Amino acid sequence: MMMPENGHRAHGFSSAYFLDSDEILAELDLSGDEVFMDAGCGDGHIAIKVLEDYNHRGTVYAVDVYDASIEDMETYKQENNVDNLINVEADITEGIPGVEDDSIDVVLMVNVFHGFKASRKLDEAVLELKRIIKQDGKIAIMDYKAWDVPNGPPTKMRSSPSDLEELFNNHGLKMTYLNEEIGEDIPEGKSHYFIVFQKE
Ligand SMILES: C[S@@+](CC[C@H](N)C(=O)[O-])C[C@H]1O[C@@H](n2cnc3c(N)ncnc32)[C@H](O)[C@@H]1O
């Protein structure tokens with residue numbers, strides 16, 4: 001467990017330390033009315049940014065498998081009277097309870113997806129994400145490039161955009177956007193990619 005900048009507990013390294021959440025959210029061009037999900041929210045800094053800095057009017061879900069992260073998000077919700085925040089403790093690969101089929105406009109996962117490869121639950125994750133997004137909804141993934149570099153997860157846990165494209169295509173989802181110039185500046189280039197999948 002670590003204690004990120006906003007004091008909320010997280011089960012992994014918070015991207016608040018090294019990624020620019022405004023750069024990430026600019027990729028989504030949110031209108032403010034979407035049903036938005038920060039999936040694998042960790043310390044919740046992205047969900048909180050959407051609510052506070054982007055004045056989001058639509059529902060914001062914060063989902064994480066780590067109970068302490070969701071407890072902290074509940075405290076944040078109560079202390080700040082945030083009516084449009086729904087916090088859910090769930091393992092994405094086992095299903096997100098209370099989230100209806102075809103109900104989410106945008107699911108964002110920052111530095112989360114490689115964990116599904118590590119746990120060999122890639123298909124389970126994709127099926128659940130496909131279940132919850134609307135027909136024109138987006139599954140947005142920001143993750144580490146599949147490079148053998150020191151920062152970030154071990155190389156064998158990483159997927160390239162084309163690996164993900166093959167995986168999502170197998171489940172009837174198509175890639176609609178790819179940006180490979182995003183994230184931290186490291187000696188090899190930009191550390192991350194941002195990729196979006198939608199239903200056919
Ligand atoms: C590296 S942290 C990133 C947190 C946050 N997205 C960020 O950018 O700071 C990965 C997060 O994904 C969560 N996570 C990992 N596997 C998950 C799963 N199967 N279902 C839900 N959350 C998961 C972890 O508990 C952790 O909070």
# chains A, B, ... in the order shown; residues from 1 in each chain; ligands from 1

call {"tool": "select_by_dssp", "arguments": {"residues": "region 130-189 of chain A", "states": "strand (DSSP E)", "output": "list of chain:residue names"}}
result
A:Ile133, A:Lys134, A:Gln135, A:Asp136, A:Gly137, A:Lys138, A:Ile139, A:Ala140, A:Ile141, A:Met142, A:Asp143, A:Tyr144, A:Leu173, A:Lys174, A:Met175, A:Thr176, A:Tyr177, A:Leu178, A:Asn179, A:Glu180, A:Glu181, A:Ile182, A:Gly183, A:Glu184, A:Asp185, A:Ile186, A:Gly189

call {"tool": "residues_near_ligand", "arguments": {"ligand": "ligand 1", "cutoff": "6 Å", "atoms": "only C-alpha atoms and all ligand atoms", "output": "PyMOL selection string"}}
result
chain A and resi 10-16+40-42+64-66+90-93+109-112+115

call {"tool": "write_last_selection", "arguments": {"atoms": "N, CA and C atoms", "output": "compact mmCIF listing (two decimals), in the first residue's frame"}}
result
# COMPACT_ATOMS: atom_id res chain seq x y z
N ALA A 10 -3.65 3.66 -2.16
CA ALA A 10 -3.64 3.04 -3.49
C ALA A 10 -2.80 1.77 -3.45
N HIS A 11 -3.18 0.84 -4.31
CA HIS A 11 -2.57 -0.48 -4.35
C HIS A 11 -1.41 -0.54 -5.33
N GLY A 12 -1.20 0.53 -6.05
CA GLY A 12 -0.11 0.58 -7.03
C GLY A 12 0.44 1.99 -7.04
N PHE A 13 1.30 2.26 -7.97
CA PHE A 13 1.94 3.55 -8.02
C PHE A 13 0.98 4.55 -8.68
N SER A 14 0.64 5.63 -7.97
CA SER A 14 -0.28 6.62 -8.54
C SER A 14 0.36 7.35 -9.70
N SER A 15 -0.35 7.46 -10.80
CA SER A 15 0.20 8.18 -11.96
C SER A 15 0.24 9.68 -11.72
N ALA A 16 -0.36 10.14 -10.61
CA ALA A 16 -0.31 11.57 -10.29
C ALA A 16 1.14 12.07 -10.20
N GLY A 40 -10.01 1.07 -12.11
CA GLY A 40 -8.68 0.91 -11.51
C GLY A 40 -8.22 2.28 -11.07
N CYS A 41 -9.10 2.93 -10.29
CA CYS A 41 -8.92 4.38 -10.00
C CYS A 41 -7.76 4.65 -9.05
N GLY A 42 -7.33 3.65 -8.26
CA GLY A 42 -6.25 3.88 -7.31
C GLY A 42 -6.62 4.99 -6.33
N ASP A 64 -12.34 0.16 -8.13
CA ASP A 64 -11.05 -0.46 -7.84
C ASP A 64 -11.28 -1.73 -7.02
N VAL A 65 -10.37 -2.66 -7.16
CA VAL A 65 -10.45 -3.92 -6.41
C VAL A 65 -9.92 -3.74 -4.98
N TYR A 66 -9.21 -2.66 -4.74
CA TYR A 66 -8.57 -2.45 -3.44
C TYR A 66 -9.53 -1.71 -2.51
N ALA A 90 -14.63 -3.52 -6.81
CA ALA A 90 -14.87 -4.69 -7.67
C ALA A 90 -13.61 -5.06 -8.43
N ASP A 91 -13.53 -6.36 -8.73
CA ASP A 91 -12.51 -6.85 -9.65
C ASP A 91 -13.13 -6.79 -11.04
N ILE A 92 -12.57 -5.97 -11.88
CA ILE A 92 -13.13 -5.75 -13.22
C ILE A 92 -13.27 -7.08 -13.96
N THR A 93 -12.33 -7.99 -13.76
CA THR A 93 -12.35 -9.25 -14.51
C THR A 93 -13.44 -10.20 -14.03
N MET A 109 -8.80 3.65 -18.30
CA MET A 109 -7.90 2.87 -17.45
C MET A 109 -6.47 3.35 -17.65
N VAL A 110 -5.93 3.97 -16.63
CA VAL A 110 -4.56 4.48 -16.72
C VAL A 110 -3.65 3.57 -15.90
N ASN A 111 -2.72 2.94 -16.60
CA ASN A 111 -1.75 2.03 -15.95
C ASN A 111 -2.43 0.88 -15.22
N VAL A 112 -3.49 0.38 -15.77
CA VAL A 112 -4.25 -0.71 -15.17
C VAL A 112 -4.21 -1.96 -16.06
N GLY A 115 -2.02 -5.13 -15.85
CA GLY A 115 -2.29 -6.06 -14.74
C GLY A 115 -3.14 -7.25 -15.19

call {"tool": "residues_around", "arguments": {"residues": "His8 (chain A)", "least_positions_apart": "6", "cutoff": "10 Å", "atoms": "only C-alpha atoms", "output": "PDB file with N, CA and C atoms, in the first residue's frame"}}
result
ATOM      1  N   MET A   2       0.462   2.230  -0.752  1.00  0.00           N
ATOM      2  CA  MET A   2       1.222   3.492  -0.708  1.00  0.00           C
ATOM      3  C   MET A   2       0.265   4.646  -0.490  1.00  0.00           C
ATOM      4  N   SER A  14       0.644   5.628  -7.969  1.00  0.00           N
ATOM      5  CA  SER A  14      -0.285   6.617  -8.535  1.00  0.00           C
ATOM      6  C   SER A  14       0.364   7.354  -9.699  1.00  0.00           C
ATOM      7  N   GLY A  42      -7.333   3.646  -8.262  1.00  0.00           N
ATOM      8  CA  GLY A  42      -6.245   3.885  -7.313  1.00  0.00           C
ATOM      9  C   GLY A  42      -6.616   4.985  -6.331  1.00  0.00           C
ATOM     10  N   ASP A  43      -5.790   6.018  -6.239  1.00  0.00           N
ATOM     11  CA  ASP A  43      -6.075   7.116  -5.312  1.00  0.00           C
ATOM     12  C   ASP A  43      -7.210   8.015  -5.812  1.00  0.00           C
ATOM     13  N   GLY A  44      -7.716   7.742  -7.001  1.00  0.00           N
ATOM     14  CA  GLY A  44      -8.879   8.473  -7.517  1.00  0.00           C
ATOM     15  C   GLY A  44      -8.558   9.842  -8.079  1.00  0.00           C
ATOM     16  N   HIS A  45      -7.279  10.131  -8.317  1.00  0.00           N
ATOM     17  CA  HIS A  45      -6.958  11.517  -8.699  1.00  0.00           C
ATOM     18  C   HIS A  45      -7.565  11.898 -10.048  1.00  0.00           C
ATOM     19  N   ALA A  68      -9.359  -0.229   0.376  1.00  0.00           N
ATOM     20  CA  ALA A  68      -8.974   1.046   1.000  1.00  0.00           C
ATOM     21  C   ALA A  68      -9.111   2.221   0.025  1.00  0.00           C
ATOM     22  N   SER A  69      -8.861   1.965  -1.257  1.00  0.00           N
ATOM     23  CA  SER A  69      -9.022   3.039  -2.252  1.00  0.00           C
ATOM     24  C   SER A  69     -10.486   3.471  -2.315  1.00  0.00           C
ATOM     25  N   ILE A  70     -11.375   2.490  -2.290  1.00  0.00           N
ATOM     26  CA  ILE A  70     -12.806   2.810  -2.390  1.00  0.00           C
ATOM     27  C   ILE A  70     -13.306   3.439  -1.091  1.00  0.00           C
ATOM     28  N   GLU A  71     -12.795   2.975   0.041  1.00  0.00           N
ATOM     29  CA  GLU A  71     -13.143   3.632   1.323  1.00  0.00           C
ATOM     30  C   GLU A  71     -12.760   5.111   1.282  1.00  0.00           C
ATOM     31  N   ASP A  72     -11.577   5.406   0.796  1.00  0.00           N
ATOM     32  CA  ASP A  72     -11.123   6.798   0.744  1.00  0.00           C
ATOM     33  C   ASP A  72     -11.962   7.621  -0.230  1.00  0.00           C
ATOM     34  N   MET A  73     -12.356   6.999  -1.325  1.00  0.00           N
ATOM     35  CA  MET A  73     -13.220   7.715  -2.279  1.00  0.00           C
ATOM     36  C   MET A  73     -14.602   7.961  -1.671  1.00  0.00           C
ATOM     37  N   THR A  75     -15.127   8.472   1.538  1.00  0.00           N
ATOM     38  CA  THR A  75     -14.911   9.588   2.475  1.00  0.00           C
ATOM     39  C   THR A  75     -14.895  10.907   1.707  1.00  0.00           C
ATOM     40  N   TYR A  76     -14.196  10.920   0.585  1.00  0.00           N
ATOM     41  CA  TYR A  76     -14.142  12.126  -0.259  1.00  0.00           C
ATOM     42  C   TYR A  76     -15.561  12.521  -0.696  1.00  0.00           C
TER      43      TYR A  76
END

call {"tool": "closest_residue", "arguments": {"among": "A:Asp163, A:Glu74, A:Glu200, A:Asp143", "to": "Leu19 (chain A)", "atoms": "only C-alpha atoms"}}
result
A:Asp143

call {"tool": "residues_around", "arguments": {"residues": "Asp105 (chain A)", "least_positions_apart": "3", "cutoff": "7 Å", "atoms": "only C-alpha atoms", "output": "PyMOL selection string"}}
result
chain A and resi 34-36+133-134+137-138

call {"tool": "residues_around", "arguments": {"residues": "Met37 (chain A)", "least_positions_apart": "3", "cutoff": "12 Å", "atoms": "only C-alpha atoms", "output": "number ranges by chain"}}
result
A: 34, 40-41, 44, 46-48, 50-51, 56, 58-64, 84-88, 92, 96, 99, 103-110, 129, 132-133, 137-141
